[in-house]
>>> print(open('structure_19.cif').read())   # mmCIF, C-alpha atoms
data_my_file
loop_
_atom_site.group_PDB
_atom_site.id
_atom_site.type_symbol
_atom_site.label_atom_id
_atom_site.label_comp_id
_atom_site.auth_asym_id
_atom_site.auth_seq_id
_atom_site.Cartn_x
_atom_site.Cartn_y
_atom_site.Cartn_z
ATOM 1 C CA MET A 60 9.080 30.749 25.167
ATOM 2 C CA GLU A 61 9.837 29.186 21.846
ATOM 3 C CA ARG A 62 7.470 26.567 20.538
ATOM 4 C CA ALA A 63 8.225 24.260 17.676
ATOM 5 C CA GLU A 64 5.357 24.542 15.291
ATOM 6 C CA GLN A 65 4.955 22.306 12.346
ATOM 7 C CA HIS A 66 4.034 23.834 9.045
ATOM 8 C CA GLY A 67 3.847 22.286 5.672
ATOM 9 C CA HIS A 68 2.195 22.448 2.331
ATOM 10 C CA ILE A 69 -1.543 21.908 2.701
ATOM 11 C CA VAL A 70 -2.857 19.900 -0.221
ATOM 12 C CA SER A 71 -6.427 20.789 -1.159
ATOM 13 C CA TYR A 72 -9.176 18.187 -0.715
ATOM 14 C CA LEU A 73 -10.056 18.586 -4.388
ATOM 15 C CA THR A 74 -6.537 17.544 -5.513
ATOM 16 C CA PHE A 75 -6.833 14.349 -3.471
ATOM 17 C CA VAL A 76 -10.303 13.588 -4.852
ATOM 18 C CA LYS A 77 -9.043 14.094 -8.427
ATOM 19 C CA VAL A 78 -6.088 11.738 -7.821
ATOM 20 C CA TRP A 79 -8.491 9.179 -6.300
ATOM 21 C CA LEU A 80 -10.746 9.357 -9.388
ATOM 22 C CA VAL A 81 -7.740 8.853 -11.695
ATOM 23 C CA LEU A 82 -6.665 5.863 -9.571
ATOM 24 C CA LEU A 83 -10.147 4.308 -9.853
ATOM 25 C CA PHE A 84 -10.137 4.914 -13.623
ATOM 26 C CA LEU A 85 -6.698 3.281 -13.980
ATOM 27 C CA THR A 86 -7.913 0.307 -11.904
ATOM 28 C CA ALA A 87 -10.877 -0.105 -14.267
ATOM 29 C CA MET A 88 -8.477 0.006 -17.245
ATOM 30 C CA LEU A 89 -6.285 -2.612 -15.559
ATOM 31 C CA VAL A 90 -9.242 -4.953 -15.045
ATOM 32 C CA VAL A 91 -10.302 -4.544 -18.688
ATOM 33 C CA ALA A 92 -6.726 -5.080 -19.892
ATOM 34 C CA GLY A 93 -6.163 -8.079 -17.609
ATOM 35 C CA THR A 94 -9.407 -9.925 -18.296
ATOM 36 C CA ILE A 95 -10.384 -9.062 -21.880
ATOM 37 C CA PHE A 96 -7.202 -8.337 -23.820
ATOM 38 C CA HIS A 97 -4.880 -10.937 -25.297
ATOM 39 C CA PRO A 98 -1.715 -11.491 -23.164
ATOM 40 C CA THR A 99 0.454 -9.700 -25.756
ATOM 41 C CA LEU A 100 -1.503 -6.539 -24.965
ATOM 42 C CA SER A 101 -2.473 -7.146 -21.338
ATOM 43 C CA VAL A 102 1.041 -7.787 -19.972
ATOM 44 C CA PRO A 103 2.465 -4.436 -21.209
ATOM 45 C CA ALA A 104 -0.711 -2.732 -19.919
ATOM 46 C CA LEU A 105 -0.291 -4.291 -16.459
ATOM 47 C CA LEU A 106 3.418 -3.400 -16.427
ATOM 48 C CA THR A 107 2.807 0.288 -17.205
ATOM 49 C CA LEU A 108 -0.506 1.060 -15.464
ATOM 50 C CA THR A 109 0.470 -0.530 -12.130
ATOM 51 C CA PRO A 110 3.666 1.536 -11.554
ATOM 52 C CA LEU A 111 1.726 4.597 -12.735
ATOM 53 C CA LYS A 112 -0.883 4.010 -9.998
ATOM 54 C CA ALA A 113 1.827 3.458 -7.376
ATOM 55 C CA GLY A 114 3.563 6.632 -8.586
ATOM 56 C CA LEU A 115 0.399 8.696 -8.129
ATOM 57 C CA VAL A 116 0.022 7.426 -4.555
ATOM 58 C CA PHE A 117 3.676 8.224 -3.807
ATOM 59 C CA TYR A 118 3.634 11.629 -5.475
ATOM 60 C CA TYR A 119 0.328 13.052 -4.216
ATOM 61 C CA PHE A 120 -1.077 10.969 -1.341
ATOM 62 C CA MET A 121 2.351 10.530 0.288
ATOM 63 C CA HIS A 122 3.181 14.227 -0.339
ATOM 64 C CA LEU A 123 6.385 13.420 -2.223
ATOM 65 C CA LYS A 124 5.629 16.246 -4.660
ATOM 66 C CA TYR A 125 5.930 18.756 -1.805
ATOM 67 C CA GLU A 126 9.010 17.254 -0.107
ATOM 68 C CA LYS A 127 12.591 18.503 -0.189
ATOM 69 C CA PRO A 128 14.943 17.221 -2.954
ATOM 70 C CA PHE A 129 16.883 15.120 -0.426
ATOM 71 C CA LEU A 130 13.856 12.980 0.462
ATOM 72 C CA LYS A 131 12.886 12.665 -3.209
ATOM 73 C CA ALA A 132 16.431 11.493 -3.992
ATOM 74 C CA ALA A 133 16.338 8.958 -1.137
ATOM 75 C CA VAL A 134 13.085 7.454 -2.452
ATOM 76 C CA PHE A 135 14.510 7.378 -5.978
ATOM 77 C CA VAL A 136 17.659 5.540 -4.806
ATOM 78 C CA ALA A 137 15.609 2.929 -2.897
ATOM 79 C CA LEU A 138 13.343 2.236 -5.884
ATOM 80 C CA ALA A 139 16.285 2.262 -8.338
ATOM 81 C CA LEU A 140 18.026 -0.327 -6.146
ATOM 82 C CA LEU A 141 14.984 -2.605 -6.286
ATOM 83 C CA THR A 142 14.808 -2.139 -10.082
ATOM 84 C CA VAL A 143 18.479 -3.162 -10.394
ATOM 85 C CA PHE A 144 17.768 -6.299 -8.316
ATOM 86 C CA ILE A 145 14.820 -7.164 -10.552
ATOM 87 C CA ALA A 146 16.897 -6.622 -13.709
ATOM 88 C CA LEU A 147 19.747 -8.797 -12.374
ATOM 89 C CA ILE A 148 17.368 -11.617 -11.401
ATOM 90 C CA PHE A 149 15.795 -11.564 -14.862
ATOM 91 C CA LEU A 150 19.220 -11.584 -16.536
ATOM 92 C CA ASP A 151 19.927 -14.685 -14.490
ATOM 93 C CA ILE A 152 16.694 -16.630 -15.056
ATOM 94 C CA SER A 153 16.325 -15.804 -18.735
ATOM 95 C CA TYR A 154 19.756 -17.255 -19.638
ATOM 96 C CA ARG A 155 19.507 -20.511 -17.740
ATOM 97 C CA MET B 44 3.330 22.212 28.469
ATOM 98 C CA SER B 45 2.707 23.292 32.039
ATOM 99 C CA SER B 46 6.364 23.875 32.947
ATOM 100 C CA SER B 47 9.126 25.673 31.103
ATOM 101 C CA THR B 48 11.312 22.530 30.962
ATOM 102 C CA HIS B 49 8.518 20.748 29.173
ATOM 103 C CA ALA B 50 8.222 23.627 26.727
ATOM 104 C CA SER B 51 11.930 23.513 25.863
ATOM 105 C CA HIS B 52 11.518 19.811 25.161
ATOM 106 C CA GLU B 53 8.753 20.629 22.718
ATOM 107 C CA ALA B 54 11.057 23.070 20.939
ATOM 108 C CA HIS B 55 13.450 20.265 20.043
ATOM 109 C CA LYS B 56 11.019 18.225 17.993
ATOM 110 C CA ASP B 57 12.575 17.343 14.670
ATOM 111 C CA TYR B 58 9.748 16.848 12.207
ATOM 112 C CA GLU B 59 12.008 16.491 9.151
ATOM 113 C CA GLY B 60 14.130 13.834 10.840
ATOM 114 C CA SER B 61 11.050 11.978 12.023
ATOM 115 C CA LYS B 62 9.603 11.891 8.519
ATOM 116 C CA LEU B 63 12.919 10.750 7.036
ATOM 117 C CA GLY B 64 13.051 7.970 9.632
ATOM 118 C CA MET B 65 9.560 6.845 8.630
ATOM 119 C CA TRP B 66 10.577 6.778 4.951
ATOM 120 C CA LEU B 67 13.697 4.731 5.792
ATOM 121 C CA PHE B 68 11.434 2.203 7.525
ATOM 122 C CA LEU B 69 9.172 2.181 4.459
ATOM 123 C CA PHE B 70 12.210 1.396 2.260
ATOM 124 C CA THR B 71 12.799 -1.769 4.302
ATOM 125 C CA GLU B 72 9.122 -2.658 3.764
ATOM 126 C CA ILE B 73 9.462 -2.057 0.003
ATOM 127 C CA LEU B 74 12.483 -4.361 -0.132
ATOM 128 C CA LEU B 75 10.694 -6.986 2.024
ATOM 129 C CA PHE B 76 7.748 -7.182 -0.377
ATOM 130 C CA GLY B 77 10.113 -6.602 -3.325
ATOM 131 C CA GLY B 78 11.830 -9.876 -2.408
ATOM 132 C CA LEU B 79 8.495 -11.697 -2.529
ATOM 133 C CA PHE B 80 7.653 -10.050 -5.878
ATOM 134 C CA LEU B 81 11.003 -11.283 -7.214
ATOM 135 C CA LEU B 82 10.285 -14.808 -5.985
ATOM 136 C CA TYR B 83 6.892 -14.651 -7.705
ATOM 137 C CA SER B 84 8.428 -13.398 -10.984
ATOM 138 C CA ALA B 85 11.160 -16.024 -10.993
ATOM 139 C CA TYR B 86 8.683 -18.888 -10.412
ATOM 140 C CA ARG B 87 6.201 -17.409 -12.876
ATOM 141 C CA ALA B 88 8.955 -17.500 -15.520
ATOM 142 C CA LYS B 89 9.536 -21.167 -14.661
ATOM 143 C CA TYR B 90 5.853 -22.238 -14.491
ATOM 144 C CA PRO B 91 3.939 -19.796 -16.755
ATOM 145 C CA PHE B 92 0.945 -22.102 -17.390
ATOM 146 C CA ASP B 93 0.512 -23.217 -13.778
ATOM 147 C CA PHE B 94 0.597 -19.600 -12.584
ATOM 148 C CA HIS B 95 -1.920 -18.687 -15.285
ATOM 149 C CA ASN B 96 -4.274 -21.467 -14.125
ATOM 150 C CA GLY B 97 -3.792 -20.592 -10.448
ATOM 151 C CA GLY B 98 -4.713 -16.973 -11.097
ATOM 152 C CA GLN B 99 -7.874 -18.004 -12.926
ATOM 153 C CA HIS B 100 -9.218 -19.719 -9.814
ATOM 154 C CA LEU B 101 -8.904 -16.619 -7.663
ATOM 155 C CA ASN B 102 -11.910 -14.388 -7.150
ATOM 156 C CA THR B 103 -11.183 -11.334 -9.338
ATOM 157 C CA PHE B 104 -14.274 -9.512 -8.047
ATOM 158 C CA ILE B 105 -13.060 -9.609 -4.433
ATOM 159 C CA GLY B 106 -9.546 -8.604 -5.551
ATOM 160 C CA VAL B 107 -10.871 -5.548 -7.401
ATOM 161 C CA LEU B 108 -13.345 -4.678 -4.636
ATOM 162 C CA ASN B 109 -10.495 -4.695 -2.103
ATOM 163 C CA THR B 110 -8.472 -2.422 -4.408
ATOM 164 C CA VAL B 111 -11.315 0.100 -4.508
ATOM 165 C CA ILE B 112 -11.668 -0.127 -0.702
ATOM 166 C CA LEU B 113 -7.944 0.498 -0.106
ATOM 167 C CA LEU B 114 -7.716 3.334 -2.665
ATOM 168 C CA THR B 115 -10.662 5.038 -0.975
ATOM 169 C CA SER B 116 -9.109 4.517 2.472
ATOM 170 C CA SER B 117 -5.946 6.204 1.166
ATOM 171 C CA LEU B 118 -8.082 9.156 0.062
ATOM 172 C CA THR B 119 -9.708 9.482 3.494
ATOM 173 C CA VAL B 120 -6.394 9.356 5.381
ATOM 174 C CA ALA B 121 -4.879 11.951 2.982
ATOM 175 C CA ILE B 122 -7.882 14.243 3.574
ATOM 176 C CA ALA B 123 -7.557 13.673 7.345
ATOM 177 C CA ILE B 124 -4.013 15.121 7.222
ATOM 178 C CA SER B 125 -5.053 18.186 5.168
ATOM 179 C CA ALA B 126 -7.997 18.664 7.555
ATOM 180 C CA ILE B 127 -5.835 18.654 10.711
ATOM 181 C CA GLN B 128 -3.454 21.144 9.025
ATOM 182 C CA LYS B 129 -6.448 23.414 8.441
ATOM 183 C CA GLY B 130 -7.495 22.908 12.070
ATOM 184 C CA ASN B 131 -10.667 20.997 11.179
ATOM 185 C CA ARG B 132 -10.643 18.404 13.972
ATOM 186 C CA ARG B 133 -14.138 17.124 13.225
ATOM 187 C CA LEU B 134 -13.305 16.241 9.612
ATOM 188 C CA THR B 135 -10.008 14.661 10.739
ATOM 189 C CA LEU B 136 -11.820 12.394 13.198
ATOM 190 C CA LEU B 137 -14.476 11.535 10.617
ATOM 191 C CA CYS B 138 -11.930 10.669 7.900
ATOM 192 C CA LEU B 139 -9.725 8.660 10.265
ATOM 193 C CA SER B 140 -12.741 6.665 11.454
ATOM 194 C CA ALA B 141 -13.723 6.039 7.811
ATOM 195 C CA THR B 142 -10.178 4.816 7.048
ATOM 196 C CA ILE B 143 -10.337 2.358 9.958
ATOM 197 C CA VAL B 144 -13.758 1.093 8.794
ATOM 198 C CA PHE B 145 -12.403 0.608 5.237
ATOM 199 C CA GLY B 146 -9.443 -1.313 6.666
ATOM 200 C CA LEU B 147 -11.827 -3.600 8.576
ATOM 201 C CA LEU B 148 -13.972 -4.077 5.442
ATOM 202 C CA PHE B 149 -10.835 -5.126 3.559
ATOM 203 C CA LEU B 150 -10.161 -7.779 6.215
ATOM 204 C CA VAL B 151 -13.778 -9.031 6.076
ATOM 205 C CA ASP B 152 -13.400 -9.501 2.295
ATOM 206 C CA LYS B 153 -10.096 -11.267 2.830
ATOM 207 C CA TYR B 154 -11.763 -13.571 5.377
ATOM 208 C CA ILE B 155 -14.561 -14.434 2.921
ATOM 209 C CA GLU B 156 -12.045 -15.070 0.138
ATOM 210 C CA TRP B 157 -9.690 -17.231 2.201
ATOM 211 C CA SER B 158 -12.610 -19.185 3.748
ATOM 212 C CA ALA B 159 -13.893 -20.083 0.263
ATOM 213 C CA GLU B 160 -10.469 -21.308 -0.833
ATOM 214 C CA ILE B 161 -9.819 -23.234 2.371
ATOM 215 C CA GLY B 162 -13.326 -24.731 1.996
ATOM 216 C CA HIS B 163 -12.275 -26.026 -1.445
ATOM 217 C CA GLY B 164 -9.287 -27.805 0.128
ATOM 218 C CA ILE B 165 -6.807 -25.200 -1.171
ATOM 219 C CA TYR B 166 -4.496 -24.485 1.752
ATOM 220 C CA PRO B 167 -0.928 -25.483 2.648
ATOM 221 C CA ASN B 168 -0.872 -29.310 2.663
ATOM 222 C CA GLY B 169 -4.617 -29.300 1.861
ATOM 223 C CA PRO B 170 -6.097 -32.349 0.020
ATOM 224 C CA GLU B 171 -6.999 -30.499 -3.206
ATOM 225 C CA LEU B 172 -3.760 -28.501 -3.283
ATOM 226 C CA LEU B 173 -1.653 -31.670 -3.174
ATOM 227 C CA LYS B 174 -3.356 -32.960 -6.357
ATOM 228 C CA LEU B 175 -2.372 -29.821 -8.309
ATOM 229 C CA PRO B 176 0.786 -29.541 -10.445
ATOM 230 C CA ASP B 177 3.955 -28.229 -8.749
ATOM 231 C CA GLY B 178 3.681 -24.739 -10.267
ATOM 232 C CA GLU B 179 0.162 -24.233 -8.917
ATOM 233 C CA LYS B 180 1.267 -25.392 -5.459
ATOM 234 C CA ILE B 181 3.957 -22.695 -5.556
ATOM 235 C CA PHE B 182 1.424 -20.149 -6.847
ATOM 236 C CA TYR B 183 -0.927 -20.780 -3.922
ATOM 237 C CA GLY B 184 1.980 -20.852 -1.473
ATOM 238 C CA LEU B 185 3.055 -17.406 -2.667
ATOM 239 C CA TYR B 186 -0.574 -16.231 -2.738
ATOM 240 C CA TYR B 187 -1.063 -17.107 0.942
ATOM 241 C CA CYS B 188 2.334 -15.661 1.951
ATOM 242 C CA MET B 189 1.931 -12.382 0.079
ATOM 243 C CA THR B 190 -1.724 -11.678 0.913
ATOM 244 C CA GLY B 191 -1.148 -12.957 4.479
ATOM 245 C CA LEU B 192 1.836 -10.675 5.079
ATOM 246 C CA HIS B 193 -0.079 -7.806 3.505
ATOM 247 C CA GLY B 194 -3.087 -8.613 5.730
ATOM 248 C CA LEU B 195 -0.847 -8.389 8.813
ATOM 249 C CA HIS B 196 0.212 -4.938 7.595
ATOM 250 C CA VAL B 197 -3.436 -3.907 7.257
ATOM 251 C CA ILE B 198 -4.059 -5.047 10.857
ATOM 252 C CA ALA B 199 -0.977 -3.106 12.045
ATOM 253 C CA GLY B 200 -2.173 -0.050 10.092
ATOM 254 C CA ILE B 201 -5.630 -0.219 11.678
ATOM 255 C CA ILE B 202 -4.041 -0.361 15.157
ATOM 256 C CA VAL B 203 -1.724 2.586 14.405
ATOM 257 C CA LEU B 204 -4.567 4.681 12.936
ATOM 258 C CA SER B 205 -6.768 3.898 15.975
ATOM 259 C CA ILE B 206 -3.994 5.239 18.237
ATOM 260 C CA MET B 207 -3.787 8.370 16.043
ATOM 261 C CA LEU B 208 -7.565 8.774 16.368
ATOM 262 C CA ALA B 209 -7.174 8.741 20.157
ATOM 263 C CA PHE B 210 -4.305 11.283 19.886
ATOM 264 C CA VAL B 211 -6.446 13.665 17.804
ATOM 265 C CA ARG B 212 -9.246 13.316 20.370
ATOM 266 C CA SER B 213 -6.931 13.992 23.312
ATOM 267 C CA GLY B 214 -5.234 16.932 21.576
ATOM 268 C CA LYS B 215 -1.809 15.285 21.210
ATOM 269 C CA ILE B 216 -2.117 15.781 17.466
ATOM 270 C CA THR B 217 -2.966 19.375 16.515
ATOM 271 C CA SER B 218 -2.808 21.706 13.520
ATOM 272 C CA THR B 219 0.758 22.683 14.513
ATOM 273 C CA ASP B 220 1.942 19.217 15.577
ATOM 274 C CA PHE B 221 0.596 16.565 13.229
ATOM 275 C CA ASN B 222 3.784 14.675 12.410
ATOM 276 C CA LYS B 223 2.591 11.425 14.043
ATOM 277 C CA LEU B 224 -0.515 11.430 11.870
ATOM 278 C CA GLU B 225 1.569 12.155 8.753
ATOM 279 C CA ASN B 226 3.840 9.178 9.456
ATOM 280 C CA ALA B 227 0.879 6.898 10.172
ATOM 281 C CA GLY B 228 -0.626 8.071 6.870
ATOM 282 C CA LEU B 229 2.618 7.259 5.019
ATOM 283 C CA TYR B 230 2.464 3.709 6.407
ATOM 284 C CA TRP B 231 -1.162 3.284 5.345
ATOM 285 C CA HIS B 232 -0.421 4.559 1.818
ATOM 286 C CA LEU B 233 2.447 2.090 1.478
ATOM 287 C CA VAL B 234 0.100 -0.760 2.456
ATOM 288 C CA ASP B 235 -2.146 0.521 -0.356
ATOM 289 C CA VAL B 236 0.768 0.634 -2.841
ATOM 290 C CA ILE B 237 1.701 -2.972 -2.039
ATOM 291 C CA TRP B 238 -1.876 -4.048 -2.762
ATOM 292 C CA ILE B 239 -1.762 -2.081 -6.049
ATOM 293 C CA PHE B 240 1.039 -4.461 -7.091
ATOM 294 C CA LEU B 241 -0.603 -7.605 -5.672
ATOM 295 C CA LEU B 242 -3.783 -7.084 -7.711
ATOM 296 C CA PRO B 243 -2.261 -7.588 -11.199
ATOM 297 C CA LEU B 244 0.247 -10.219 -9.999
ATOM 298 C CA LEU B 245 -2.324 -12.503 -8.394
ATOM 299 C CA TYR B 246 -5.770 -11.652 -9.734
ATOM 300 C CA LEU B 247 -5.437 -10.096 -13.190
ATOM 301 C CA SER B 248 -2.550 -11.888 -14.866
ATOM 302 C CA ALA B 249 -4.635 -14.944 -15.735
#
>>> encode(input="structure_19.cif", output="structure tokens")
Amino acid sequence: MERAEQHGHIVSYLTFVKVWLVLLFLTAMLVVAGTIFHPTLSVPALLTLTPLKAGLVFYYFMHLKYEKPFLKAAVFVALALLTVFIALIFLDISYR
Amino acid sequence: MSSSTHASHEAHKDYEGSKLGMWLFLFTEILLFGGLFLLYSAYRAKYPFDFHNGGQHLNTFIGVLNTVILLTSSLTVAIAISAIQKGNRRLTLLCLSATIVFGLLFLVDKYIEWSAEIGHGIYPNGPELLKLPDGEKIFYGLYYCMTGLHGLHVIAGIIVLSIMLAFVRSGKITSTDFNKLENAGLYWHLVDVIWIFLLPLLYLSA
């Protein structure tokens, strides 16, 4: 009798805790940047730290690091598509 | 798996396909919220000062507290999946329960925050909101839509994770068949990612 068993990469608890600590640290940096800094500094900080946090969640918490290239490519295409939409919208509104 | 027919059914489970299907669903969620982010950006470009003022009236403390709660809930659900892979059912149940409690705490915070704003007359067609400039009306409209839609996702996530908790208890999710829990975890992490973007857009950009 054949049984389908699921195996996969087991991520250590410690890795997850480390990622969580980095995420909390980045959140603290975001709050400092957003509330104390001048807008010329805070806007670039918000625009870089936020995708970095999302990337960490995708890569480690959502196991993307351990997935096959096909799934990684699919996620990349979806996010690239959204980025293209955002770029097109900004091209439109900034030249009105 | 009492009969052989049942066993052959089990053999046809496609874990890779199931995970890909979950990711495809998450892409539609990303584009759903992406559309709202675009709407926010376009109106922010049109009304920069009104959006700045709107953001200043929001409670940054609650926004940050909810971020910490959701990040921690992501940690517990990630650990729950590693734990079930290692066959540690007790830790899985503990971490899943913690995730559900964090989700409920998030909603309690949201309730406190919304109640305060509604109490100040800031709600769709509310007396104070109507006195505000157009840009701030749009800001609060988007604020309620985005946090409201996100809140519905948190509620859905709590329901899904509660079902997974029951599955772990009843032995439907095991160390060799944990795909359902993985997919539920993916959903919960995405809800976290969306909040990661909502925090700077609504609470920190003032």
>>> closest_atom_pairs(input="structure_19.cif", of="chain A", to="chain B", cutoff="8 Å", atoms="only C-alpha atoms", output="Markdown table")
| residue | atom | partner | partner_atom | distance |
| --- | --- | --- | --- | --- |
| A:Met60 | CA | B:Ala50 | CA | 7.3 |
| A:Glu61 | CA | B:Ala54 | CA | 6.3 |
| A:Arg62 | CA | B:Ala54 | CA | 5.0 |
| A:Ala63 | CA | B:Ala54 | CA | 4.5 |
| A:Glu64 | CA | B:Thr219 | CA | 5.0 |
| A:Gln65 | CA | B:Thr219 | CA | 4.7 |
| A:His66 | CA | B:Thr219 | CA | 6.5 |
| A:Ile69 | CA | B:Ser125 | CA | 5.7 |
| A:Val70 | CA | B:Ser125 | CA | 6.1 |
| A:Ser71 | CA | B:Ser125 | CA | 7.0 |
| A:Tyr72 | CA | B:Ile122 | CA | 6.0 |
| A:Phe75 | CA | B:Leu118 | CA | 6.4 |
| A:Val76 | CA | B:Leu118 | CA | 7.0 |
| A:Trp79 | CA | B:Leu118 | CA | 6.4 |
| A:Leu82 | CA | B:Leu114 | CA | 7.4 |
| A:Leu83 | CA | B:Val111 | CA | 6.9 |
| A:Thr86 | CA | B:Val107 | CA | 8.0 |
| A:Leu89 | CA | B:Pro243 | CA | 7.7 |
| A:Val90 | CA | B:Leu247 | CA | 6.7 |
| A:Gly93 | CA | B:Leu247 | CA | 4.9 |
| A:Thr94 | CA | B:Leu247 | CA | 6.5 |
| A:Val102 | CA | B:Ser248 | CA | 7.5 |
| A:Leu105 | CA | B:Pro243 | CA | 6.5 |
| A:Thr109 | CA | B:Phe240 | CA | 6.4 |
| A:Pro110 | CA | B:Phe240 | CA | 7.9 |
| A:Lys112 | CA | B:Ile239 | CA | 7.3 |
| A:Ala113 | CA | B:Val236 | CA | 5.4 |
| A:Val116 | CA | B:His232 | CA | 7.0 |
| A:Phe117 | CA | B:His232 | CA | 7.9 |
| A:Phe120 | CA | B:Ala121 | CA | 5.8 |
| A:Met121 | CA | B:Leu229 | CA | 5.8 |
| A:Leu130 | CA | B:Leu63 | CA | 7.0 |
| A:Val134 | CA | B:Phe70 | CA | 7.7 |
| A:Ala137 | CA | B:Phe70 | CA | 6.4 |
| A:Leu141 | CA | B:Leu74 | CA | 6.9 |
| A:Ile145 | CA | B:Leu81 | CA | 6.5 |
| A:Ile148 | CA | B:Ala85 | CA | 7.6 |
| A:Phe149 | CA | B:Ala85 | CA | 7.5 |
| A:Ile152 | CA | B:Ala85 | CA | 6.9 |
>>> atom_distance(input="structure_19.cif", atom1="CA of Asn109 (chain B)", atom2="CA of Asp152 (chain B)")
7.1 Å
>>> closest_residue(input="structure_19.cif", among="B:His95, B:Leu108, B:Ile181, B:Phe76", to="His196 (chain B)", atoms="all atoms listed in the file")
B:Phe76
>>> atom_distance(input="structure_19.cif", atom1="CA of Phe210 (chain B)", atom2="CA of Tyr119 (chain A)")
24.6 Å
>>> closest_residue(input="structure_19.cif", among="B:His193, B:Lys180, B:Arg132, B:Lys215", to="Arg87 (chain B)", atoms="all atoms listed in the file")
B:Lys180
>>> atom_distance(input="structure_19.cif", atom1="CA of Leu139 (chain B)", atom2="CA of Val211 (chain B)")
9.6 Å
>>> resolve_selection(input="structure_19.cif", expression="the PyMOL selection byres ((chain B and resi 177) around 12)", output="list in words")
Tyr86, Arg87, Lys89, Tyr90, Pro91, Phe92, Asp93, Phe94, Asn96, Gly97, Leu172, Leu173, Lys174, Leu175, Pro176, Gly178, Glu179, Lys180, Ile181, Phe182, Tyr183 and Gly184 of chain B
>>> closest_residue(input="structure_19.cif", among="B:Leu148, B:Ile155, B:Leu204, B:Ile165", to="Tyr186 (chain B)", atoms="all atoms listed in the file")
B:Ile165
>>> resolve_selection(input="structure_19.cif", expression="the PyMOL selection byres ((chain B and resi 207) around 8)", output="PDB file with C-alpha atoms, in the frame of the given file")
ATOM      1  CA  VAL B 203      -1.724   2.586  14.405  1.00  0.00           C
ATOM      2  CA  LEU B 204      -4.567   4.681  12.936  1.00  0.00           C
ATOM      3  CA  SER B 205      -6.768   3.898  15.975  1.00  0.00           C
ATOM      4  CA  ILE B 206      -3.994   5.239  18.237  1.00  0.00           C
ATOM      5  CA  LEU B 208      -7.565   8.774  16.368  1.00  0.00           C
ATOM      6  CA  ALA B 209      -7.174   8.741  20.157  1.00  0.00           C
ATOM      7  CA  PHE B 210      -4.305  11.283  19.886  1.00  0.00           C
ATOM      8  CA  VAL B 211      -6.446  13.665  17.804  1.00  0.00           C
ATOM      9  CA  ILE B 216      -2.117  15.781  17.466  1.00  0.00           C
ATOM     10  CA  LYS B 223       2.591  11.425  14.043  1.00  0.00           C
ATOM     11  CA  LEU B 224      -0.515  11.430  11.870  1.00  0.00           C
ATOM     12  CA  ALA B 227       0.879   6.898  10.172  1.00  0.00           C
TER      13      ALA B 227
END
>>> build_atoms(input="structure_19.cif", residues="region 127-139 of chain A", atoms="N, CA and C atoms", output="short mmCIF file (atom, residue, chain, number, x, y, z; two decimals), in the coordinates of the input")
data_model
loop_
_atom_site.label_atom_id
_atom_site.label_comp_id
_atom_site.auth_asym_id
_atom_site.auth_seq_id
_atom_site.Cartn_x
_atom_site.Cartn_y
_atom_site.Cartn_z
N LYS A 127 11.30 17.95 0.22
CA LYS A 127 12.59 18.50 -0.19
C LYS A 127 13.32 17.55 -1.14
N PRO A 128 14.23 18.07 -1.98
CA PRO A 128 14.94 17.22 -2.95
C PRO A 128 15.65 16.03 -2.31
N PHE A 129 16.15 16.21 -1.08
CA PHE A 129 16.88 15.12 -0.43
C PHE A 129 16.00 13.88 -0.25
N LEU A 130 14.77 14.11 0.23
CA LEU A 130 13.86 12.98 0.46
C LEU A 130 13.46 12.34 -0.87
N LYS A 131 13.21 13.19 -1.88
CA LYS A 131 12.89 12.66 -3.21
C LYS A 131 14.02 11.78 -3.71
N ALA A 132 15.27 12.25 -3.53
CA ALA A 132 16.43 11.49 -3.99
C ALA A 132 16.52 10.17 -3.25
N ALA A 133 16.26 10.18 -1.94
CA ALA A 133 16.34 8.96 -1.14
C ALA A 133 15.34 7.92 -1.65
N VAL A 134 14.11 8.37 -1.94
CA VAL A 134 13.08 7.45 -2.45
C VAL A 134 13.52 6.92 -3.81
N PHE A 135 14.07 7.80 -4.65
CA PHE A 135 14.51 7.38 -5.98
C PHE A 135 15.59 6.29 -5.87
N VAL A 136 16.56 6.51 -4.96
CA VAL A 136 17.66 5.54 -4.81
C VAL A 136 17.11 4.19 -4.36
N ALA A 137 16.17 4.19 -3.40
CA ALA A 137 15.61 2.93 -2.90
C ALA A 137 14.90 2.18 -4.02
N LEU A 138 14.09 2.89 -4.81
CA LEU A 138 13.34 2.24 -5.88
C LEU A 138 14.28 1.80 -7.01
N ALA A 139 15.32 2.62 -7.30
CA ALA A 139 16.28 2.26 -8.34
C ALA A 139 17.02 0.98 -7.95
#
